[in-house]
>>> print(open('structure.cif').read())   # mmCIF, C-alpha atoms
data_target
loop_
_atom_site.label_atom_id
_atom_site.label_comp_id
_atom_site.auth_asym_id
_atom_site.auth_seq_id
_atom_site.Cartn_x
_atom_site.Cartn_y
_atom_site.Cartn_z
CA MET A 1374 142.50 124.82 107.45
CA PRO A 1375 140.40 122.49 105.24
CA LYS A 1376 136.65 122.96 105.38
CA VAL A 1377 134.82 120.23 107.31
CA VAL A 1378 132.10 118.69 105.17
CA ASP A 1379 129.08 117.06 106.81
CA LYS A 1380 128.66 114.08 104.49
CA GLU A 1381 125.17 113.20 105.70
CA GLU A 1382 123.95 116.79 105.37
CA ARG A 1383 125.35 117.01 101.84
CA ARG A 1384 123.69 113.74 100.87
CA ARG A 1385 120.39 114.99 102.26
CA ARG A 1386 120.69 118.19 100.20
CA ILE A 1387 121.41 116.12 97.11
CA VAL A 1388 118.48 113.77 97.67
CA ASP A 1389 116.07 116.62 98.44
CA ALA A 1390 117.17 118.31 95.21
CA LEU A 1391 116.52 115.08 93.32
CA TYR A 1392 113.02 114.88 94.84
CA ARG A 1393 112.18 118.36 93.58
CA ILE A 1394 113.47 117.70 90.08
CA ALA A 1395 111.85 114.26 89.76
CA ALA A 1396 108.57 115.67 91.09
CA GLU A 1397 108.52 118.42 88.45
CA LYS A 1398 110.21 116.80 85.45
CA GLY A 1399 110.26 113.05 86.02
CA LEU A 1400 113.38 110.93 85.76
CA GLU A 1401 114.21 112.50 82.40
CA GLY A 1402 114.99 115.75 84.19
CA VAL A 1403 117.35 114.13 86.69
CA SER A 1404 121.06 114.33 85.96
CA ILE A 1405 124.16 114.80 88.09
CA ARG A 1406 124.51 118.34 86.74
CA ALA A 1407 120.83 119.25 87.28
CA VAL A 1408 120.80 117.86 90.81
CA ALA A 1409 124.04 119.66 91.63
CA ALA A 1410 122.59 122.99 90.44
CA GLU A 1411 119.37 122.44 92.40
CA ALA A 1412 121.34 121.53 95.54
CA GLN A 1413 123.68 124.51 95.01
CA LEU A 1414 126.70 122.21 94.83
CA SER A 1415 129.30 121.58 92.17
CA ALA A 1416 128.77 118.64 89.82
CA GLY A 1417 132.05 117.27 91.16
CA ALA A 1418 130.74 117.30 94.73
CA VAL A 1419 127.67 115.29 93.71
CA GLN A 1420 129.74 112.91 91.63
CA ARG A 1421 132.06 112.23 94.55
CA GLU A 1422 129.01 110.99 96.45
CA PHE A 1423 127.32 109.21 93.56
CA GLY A 1424 129.33 108.17 90.55
CA THR A 1425 126.34 107.79 88.26
CA LYS A 1426 122.74 108.89 87.91
CA GLU A 1427 121.71 105.27 88.57
CA GLU A 1428 123.51 105.23 91.92
CA LEU A 1429 121.86 108.51 92.85
CA LEU A 1430 118.37 107.30 91.92
CA HIS A 1431 118.80 104.04 93.79
CA PHE A 1432 120.08 105.84 96.88
CA ALA A 1433 117.12 108.24 96.82
CA PHE A 1434 114.68 105.33 96.51
CA GLN A 1435 116.34 103.61 99.47
CA VAL A 1436 116.21 106.81 101.56
CA ILE A 1437 112.47 107.12 101.02
CA ALA A 1438 111.96 103.43 101.87
CA ASP A 1439 113.96 103.91 105.08
CA GLU A 1440 111.89 106.97 106.05
CA ILE A 1441 108.66 105.05 105.47
CA THR A 1442 109.97 102.18 107.59
CA ALA A 1443 110.90 104.62 110.36
CA CYS A 1444 107.31 105.92 110.47
CA PHE A 1445 106.20 102.40 111.35
CA GLY A 1446 108.54 102.23 114.34
CA VAL A 1447 105.66 103.26 116.59
CA PHE A 1448 104.12 99.81 116.11
CA GLN A 1449 105.74 98.49 119.28
CA ASP A 1450 104.21 96.18 121.83
CA GLY A 1451 104.39 97.26 125.43
CA VAL A 1452 102.77 98.89 128.41
CA GLY A 1453 101.34 102.27 127.66
CA ARG A 1454 101.14 101.76 123.92
CA PRO A 1455 97.99 103.35 122.45
CA ALA A 1456 95.38 101.01 120.98
CA PHE A 1457 96.12 99.75 117.48
CA PRO A 1458 93.57 101.99 115.68
CA GLU A 1459 95.15 105.09 117.22
CA VAL A 1460 98.67 103.98 116.32
CA LEU A 1461 97.50 103.21 112.79
CA ARG A 1462 95.93 106.66 112.49
CA GLN A 1463 99.17 108.28 113.66
CA VAL A 1464 101.30 106.33 111.18
CA LEU A 1465 99.06 106.91 108.17
CA VAL A 1466 98.63 110.63 108.92
CA ASP A 1467 102.40 111.00 109.39
CA LEU A 1468 102.90 109.58 105.89
CA LEU A 1469 100.74 112.24 104.26
CA PRO A 1470 102.49 115.22 102.64
CA THR A 1471 102.05 118.22 104.90
CA ASP A 1472 104.96 120.26 103.56
CA GLU A 1473 106.75 120.88 100.26
CA ARG A 1474 109.53 118.39 100.97
CA ARG A 1475 107.16 115.52 101.71
CA LEU A 1476 105.04 116.33 98.64
CA ALA A 1477 108.16 116.30 96.44
CA GLN A 1478 109.23 113.06 98.11
CA VAL A 1479 105.84 111.43 97.47
CA ARG A 1480 105.94 112.47 93.82
CA ALA A 1481 109.52 111.25 93.42
CA TRP A 1482 108.59 107.94 95.06
CA ASN A 1483 105.82 107.36 92.56
CA VAL A 1484 108.17 108.11 89.66
CA LEU A 1485 110.82 105.76 91.07
CA TYR A 1486 108.23 103.13 92.06
CA ALA A 1487 107.55 102.36 88.41
CA ARG A 1488 111.27 101.67 88.00
CA ALA A 1489 110.97 98.75 90.42
CA VAL A 1490 108.91 96.84 87.84
CA VAL A 1491 111.81 96.63 85.38
CA ASP A 1492 114.94 97.18 87.49
CA PRO A 1493 115.88 94.35 89.90
CA ALA A 1494 117.86 96.67 92.21
CA PHE A 1495 114.84 98.95 92.66
CA GLY A 1496 112.57 95.91 92.89
CA GLU A 1497 114.66 94.58 95.78
CA VAL A 1498 114.28 97.84 97.74
CA LEU A 1499 110.52 97.69 97.26
CA SER A 1500 110.34 93.99 98.14
CA VAL A 1501 112.26 94.50 101.40
CA LEU A 1502 110.07 97.49 102.29
CA ASP A 1503 106.87 95.53 101.62
CA ASP A 1504 108.11 92.60 103.71
CA ARG A 1505 108.99 94.88 106.63
CA LEU A 1506 105.68 96.75 106.57
CA ARG A 1507 103.66 93.58 106.12
CA ALA A 1508 105.44 91.91 109.05
CA GLY A 1509 105.01 95.04 111.19
CA PHE A 1510 101.31 95.24 110.44
CA LEU A 1511 100.88 91.53 111.15
CA ARG A 1512 102.70 91.68 114.51
CA ALA A 1513 100.68 94.72 115.56
CA LEU A 1514 97.39 93.14 114.46
CA GLU A 1515 98.11 89.90 116.29
CA HIS A 1516 99.04 91.85 119.44
CA ALA A 1517 95.88 93.95 119.14
CA ARG A 1518 93.75 90.80 118.82
CA VAL A 1519 95.33 89.31 121.95
CA GLU A 1520 94.66 92.57 123.81
CA GLY A 1521 91.02 92.56 122.67
CA GLU A 1522 91.41 95.75 120.60
CA LEU A 1523 90.37 94.20 117.30
CA SER A 1524 88.01 91.35 118.06
CA SER A 1525 86.36 91.72 114.64
CA VAL A 1526 89.56 90.88 112.73
CA LYS A 1527 89.32 87.25 111.66
CA ASP A 1528 92.18 87.13 109.17
CA PRO A 1529 95.15 89.31 110.25
CA GLU A 1530 97.19 88.37 107.16
CA ALA A 1531 94.47 89.64 104.82
CA VAL A 1532 94.06 92.84 106.86
CA ALA A 1533 97.85 93.40 106.85
CA GLU A 1534 97.81 93.09 103.07
CA LEU A 1535 94.88 95.50 102.83
CA LEU A 1536 96.75 98.04 104.96
CA LEU A 1537 99.83 97.68 102.77
CA VAL A 1538 97.71 98.40 99.69
CA THR A 1539 96.18 101.35 101.56
CA VAL A 1540 99.63 102.88 102.10
CA ASP A 1541 100.40 102.50 98.38
CA GLY A 1542 97.07 104.06 97.46
CA LEU A 1543 97.49 107.00 99.82
CA TRP A 1544 100.85 107.90 98.30
CA ALA A 1545 99.60 107.42 94.75
CA GLY A 1546 96.70 109.78 95.47
CA CYS A 1547 98.90 112.33 97.20
CA ALA A 1548 101.30 112.42 94.24
CA ARG A 1549 98.55 114.17 92.26
CA LEU A 1550 98.05 116.96 94.80
CA SER A 1551 98.92 120.46 93.65
CA GLU A 1552 101.24 122.77 95.57
CA GLY A 1553 99.39 124.13 98.59
CA ASP A 1554 96.61 121.51 98.46
CA ARG A 1555 95.76 119.74 101.68
CA PRO A 1556 95.40 115.94 101.58
CA ASP A 1557 91.82 116.16 102.84
CA ARG A 1558 90.52 113.18 100.84
CA GLN A 1559 93.42 111.06 101.99
CA LEU A 1560 92.80 112.11 105.60
CA ALA A 1561 89.17 111.06 105.20
CA ALA A 1562 90.32 107.71 103.82
CA VAL A 1563 92.58 107.24 106.85
CA GLU A 1564 89.66 107.93 109.18
CA ALA A 1565 87.47 105.46 107.26
CA ALA A 1566 90.14 102.75 107.52
CA VAL A 1567 90.65 103.33 111.24
CA THR A 1568 86.91 103.41 111.94
CA TRP A 1569 86.39 100.17 110.00
CA LEU A 1570 89.14 98.39 111.90
CA ALA A 1571 87.97 99.65 115.28
CA GLY A 1572 84.36 98.66 114.59
#
>>> encode(input="structure.cif", output="structure tokens")
Amino acid sequence: MPKVVDKEERRRRIVDALYRIAAEKGLEGVSIRAVAAEAQLSAGAVQREFGTKEELLHFAFQVIADEITACFGVFQDGVGRPAFPEVLRQVLVDLLPTDERRLAQVRAWNVLYARAVVDPAFGEVLSVLDDRLRAGFLRALEHARVEGELSSVKDPEAVAELLLVTVDGLWAGCARLSEGDRPDRQLAAVEAAVTWLAG
């Protein structure tokens, strides 16, 4: 009887392997063969999923963008929703690397992020992500103003842009953490941002 292969699980193993390699060696260390070895798969198995290194890198970049977007799903209007500063704190803290996988992911993101400057396909992923996060921040800020949670916010568009830059900065700072380090400075920055908005 043929072995049943969980395609999504295999793709996750492949992407996680790519994170670890990119985090340690940069894009130069990423190859189909290297990723296959790290994921404990055959090179053929990886190549059946991703024909080229470029396809693999682009997929990994998209996966990270999708995971970031998912973190922002808590920005929903509705009865019982916590106040905006609390939701913001939750989202920003959830983005910080608290385990080895997330740290490798953050490092890989920063390596791939630079690719978006020169590669239109990567640039499109980043542009869509920025648009989604910016729109999410803006909707949440406008709702919070209506609810009287953020009466001090005079320009929601500017604040949304500031929060977007904050997310970028948090991940750039976390990329330089060493194994086992806690993101204490980044946590302090999150608290400062939340306190400023709530004030």
>>> resolve_selection(input="structure.cif", expression="the PyMOL selection byres ((chain A and resi 1393) around 12)", output="MDAnalysis selection string")
chainID A and resid 1386:1392 1394:1400 1402:1403 1407:1408 1410:1412 1433 1473:1482 1484 1552
>>> atom_distance(input="structure.cif", atom1="atom CA of Ser1525 of chain A", atom2="atom CA of Trp1569 of chain A")
9.6 Å
>>> resolve_selection(input="structure.cif", expression="the PyMOL selection byres ((chain A and resi 1469) around 12)", output="PyMOL selection string")
chain A and resi 1441+1444+1462-1468+1470-1480+1540-1548+1550+1554-1563
>>> atom_distance(input="structure.cif", atom1="atom CA of Glu1564 of chain A", atom2="atom CA of Ala1489 of chain A")
29.8 Å
>>> atom_distance(input="structure.cif", atom1="atom CA of Leu1536 of chain A", atom2="atom CA of Arg1507 of chain A")
8.3 Å
>>> residues_around(input="structure.cif", residues="Ala1494 of chain A", least_positions_apart="5", cutoff="12 Å", atoms="all atoms listed in the file", output="PyMOL selection string")
chain A and resi 1427-1428+1430-1432+1434-1435+1485-1486+1488-1489+1499-1501
>>> write_last_selection(input="structure.cif", atoms="C-alpha atoms", output="mmCIF file, in the coordinates of the input")
data_model
loop_
_atom_site.group_PDB
_atom_site.id
_atom_site.type_symbol
_atom_site.label_atom_id
_atom_site.label_comp_id
_atom_site.auth_asym_id
_atom_site.auth_seq_id
_atom_site.Cartn_x
_atom_site.Cartn_y
_atom_site.Cartn_z
ATOM 1 C CA GLU A 1427 121.710 105.270 88.570
ATOM 2 C CA GLU A 1428 123.510 105.230 91.920
ATOM 3 C CA LEU A 1430 118.370 107.300 91.920
ATOM 4 C CA HIS A 1431 118.800 104.040 93.790
ATOM 5 C CA PHE A 1432 120.080 105.840 96.880
ATOM 6 C CA PHE A 1434 114.680 105.330 96.510
ATOM 7 C CA GLN A 1435 116.340 103.610 99.470
ATOM 8 C CA LEU A 1485 110.820 105.760 91.070
ATOM 9 C CA TYR A 1486 108.230 103.130 92.060
ATOM 10 C CA ARG A 1488 111.270 101.670 88.000
ATOM 11 C CA ALA A 1489 110.970 98.750 90.420
ATOM 12 C CA LEU A 1499 110.520 97.690 97.260
ATOM 13 C CA SER A 1500 110.340 93.990 98.140
ATOM 14 C CA VAL A 1501 112.260 94.500 101.400
#
>>> resolve_selection(input="structure.cif", expression="the PyMOL selection byres ((chain A and resi 1530) around 9)", output="list in words")
Arg1507, Phe1510, Leu1511, Leu1514, Asp1528, Pro1529, Ala1531, Val1532, Ala1533, Glu1534 and Leu1535 of chain A
>>> axis_aligned_box(input="structure.cif", around="segment 1394-1412 of chain A", padding_each_side="8 Å", output="lines of an AutoDock Vina configuration file")
center_x = 116.5
center_y = 117.0
center_z = 89.0
size_x = 32.0
size_y = 28.1
size_z = 29.1
>>> closest_residue(input="structure.cif", among="A:Asp1503, A:Glu1401, A:Glu1515, A:Glu1422", to="Phe1445 of chain A", atoms="only C-alpha atoms")
A:Asp1503
>>> closest_residue(input="structure.cif", among="A:Phe1457, A:Phe1423, A:Phe1448, A:Phe1495", to="Ser1524 of chain A", atoms="only C-alpha atoms")
A:Phe1457
>>> build_atoms(input="structure.cif", residues="segment 1500-1519 of chain A", atoms="N, CA, C and O atoms", output="PDB file, in the coordinates of the input")
ATOM      1  N   SER A1500     110.681  95.282  97.547  1.00  0.00           N
ATOM      2  CA  SER A1500     110.340  93.990  98.140  1.00  0.00           C
ATOM      3  C   SER A1500     110.680  93.949  99.629  1.00  0.00           C
ATOM      4  O   SER A1500     109.874  93.499 100.449  1.00  0.00           O
ATOM      5  N   VAL A1501     111.860  94.464  99.983  1.00  0.00           N
ATOM      6  CA  VAL A1501     112.260  94.500 101.400  1.00  0.00           C
ATOM      7  C   VAL A1501     111.329  95.411 102.191  1.00  0.00           C
ATOM      8  O   VAL A1501     110.903  95.074 103.303  1.00  0.00           O
ATOM      9  N   LEU A1502     110.988  96.568 101.616  1.00  0.00           N
ATOM     10  CA  LEU A1502     110.070  97.490 102.290  1.00  0.00           C
ATOM     11  C   LEU A1502     108.719  96.822 102.521  1.00  0.00           C
ATOM     12  O   LEU A1502     108.174  96.866 103.630  1.00  0.00           O
ATOM     13  N   ASP A1503     108.165  96.198 101.484  1.00  0.00           N
ATOM     14  CA  ASP A1503     106.870  95.530 101.620  1.00  0.00           C
ATOM     15  C   ASP A1503     106.913  94.452 102.698  1.00  0.00           C
ATOM     16  O   ASP A1503     105.988  94.329 103.508  1.00  0.00           O
ATOM     17  N   ASP A1504     107.986  93.664 102.711  1.00  0.00           N
ATOM     18  CA  ASP A1504     108.110  92.600 103.710  1.00  0.00           C
ATOM     19  C   ASP A1504     108.147  93.172 105.118  1.00  0.00           C
ATOM     20  O   ASP A1504     107.528  92.638 106.044  1.00  0.00           O
ATOM     21  N   ARG A1505     108.888  94.275 105.294  1.00  0.00           N
ATOM     22  CA  ARG A1505     108.990  94.880 106.630  1.00  0.00           C
ATOM     23  C   ARG A1505     107.642  95.438 107.088  1.00  0.00           C
ATOM     24  O   ARG A1505     107.240  95.244 108.238  1.00  0.00           O
ATOM     25  N   LEU A1506     106.961  96.156 106.183  1.00  0.00           N
ATOM     26  CA  LEU A1506     105.680  96.750 106.570  1.00  0.00           C
ATOM     27  C   LEU A1506     104.634  95.675 106.817  1.00  0.00           C
ATOM     28  O   LEU A1506     103.865  95.757 107.783  1.00  0.00           O
ATOM     29  N   ARG A1507     104.622  94.666 105.955  1.00  0.00           N
ATOM     30  CA  ARG A1507     103.660  93.580 106.120  1.00  0.00           C
ATOM     31  C   ARG A1507     103.872  92.871 107.463  1.00  0.00           C
ATOM     32  O   ARG A1507     102.915  92.618 108.201  1.00  0.00           O
ATOM     33  N   ALA A1508     105.124  92.576 107.774  1.00  0.00           N
ATOM     34  CA  ALA A1508     105.440  91.910 109.050  1.00  0.00           C
ATOM     35  C   ALA A1508     105.081  92.803 110.232  1.00  0.00           C
ATOM     36  O   ALA A1508     104.564  92.316 111.247  1.00  0.00           O
ATOM     37  N   GLY A1509     105.346  94.105 110.110  1.00  0.00           N
ATOM     38  CA  GLY A1509     105.010  95.040 111.190  1.00  0.00           C
ATOM     39  C   GLY A1509     103.518  95.118 111.421  1.00  0.00           C
ATOM     40  O   GLY A1509     103.044  95.097 112.565  1.00  0.00           O
ATOM     41  N   PHE A1510     102.762  95.219 110.330  1.00  0.00           N
ATOM     42  CA  PHE A1510     101.310  95.240 110.440  1.00  0.00           C
ATOM     43  C   PHE A1510     100.805  93.950 111.099  1.00  0.00           C
ATOM     44  O   PHE A1510      99.940  93.981 111.982  1.00  0.00           O
ATOM     45  N   LEU A1511     101.349  92.824 110.649  1.00  0.00           N
ATOM     46  CA  LEU A1511     100.880  91.530 111.150  1.00  0.00           C
ATOM     47  C   LEU A1511     101.164  91.381 112.644  1.00  0.00           C
ATOM     48  O   LEU A1511     100.289  90.949 113.414  1.00  0.00           O
ATOM     49  N   ARG A1512     102.378  91.760 113.077  1.00  0.00           N
ATOM     50  CA  ARG A1512     102.700  91.680 114.510  1.00  0.00           C
ATOM     51  C   ARG A1512     101.761  92.574 115.326  1.00  0.00           C
ATOM     52  O   ARG A1512     101.256  92.166 116.373  1.00  0.00           O
ATOM     53  N   ALA A1513     101.533  93.779 114.832  1.00  0.00           N
ATOM     54  CA  ALA A1513     100.680  94.720 115.560  1.00  0.00           C
ATOM     55  C   ALA A1513      99.227  94.234 115.600  1.00  0.00           C
ATOM     56  O   ALA A1513      98.545  94.356 116.627  1.00  0.00           O
ATOM     57  N   LEU A1514      98.755  93.659 114.504  1.00  0.00           N
ATOM     58  CA  LEU A1514      97.390  93.140 114.460  1.00  0.00           C
ATOM     59  C   LEU A1514      97.211  91.962 115.402  1.00  0.00           C
ATOM     60  O   LEU A1514      96.206  91.861 116.113  1.00  0.00           O
ATOM     61  N   GLU A1515      98.191  91.068 115.404  1.00  0.00           N
ATOM     62  CA  GLU A1515      98.110  89.900 116.290  1.00  0.00           C
ATOM     63  C   GLU A1515      98.116  90.355 117.761  1.00  0.00           C
ATOM     64  O   GLU A1515      97.354  89.845 118.584  1.00  0.00           O
ATOM     65  N   HIS A1516      98.989  91.322 118.066  1.00  0.00           N
ATOM     66  CA  HIS A1516      99.040  91.850 119.440  1.00  0.00           C
ATOM     67  C   HIS A1516      97.704  92.500 119.815  1.00  0.00           C
ATOM     68  O   HIS A1516      97.192  92.293 120.920  1.00  0.00           O
ATOM     69  N   ALA A1517      97.149  93.267 118.878  1.00  0.00           N
ATOM     70  CA  ALA A1517      95.880  93.950 119.140  1.00  0.00           C
ATOM     71  C   ALA A1517      94.754  92.939 119.362  1.00  0.00           C
ATOM     72  O   ALA A1517      93.876  93.153 120.213  1.00  0.00           O
ATOM     73  N   ARG A1518      94.779  91.839 118.621  1.00  0.00           N
ATOM     74  CA  ARG A1518      93.750  90.800 118.820  1.00  0.00           C
ATOM     75  C   ARG A1518      93.875  90.182 120.203  1.00  0.00           C
ATOM     76  O   ARG A1518      92.873  89.973 120.891  1.00  0.00           O
ATOM     77  N   VAL A1519      95.100  89.887 120.625  1.00  0.00           N
ATOM     78  CA  VAL A1519      95.330  89.310 121.950  1.00  0.00           C
ATOM     79  C   VAL A1519      94.843  90.257 123.046  1.00  0.00           C
ATOM     80  O   VAL A1519      94.264  89.829 124.053  1.00  0.00           O
TER      81      VAL A1519
END
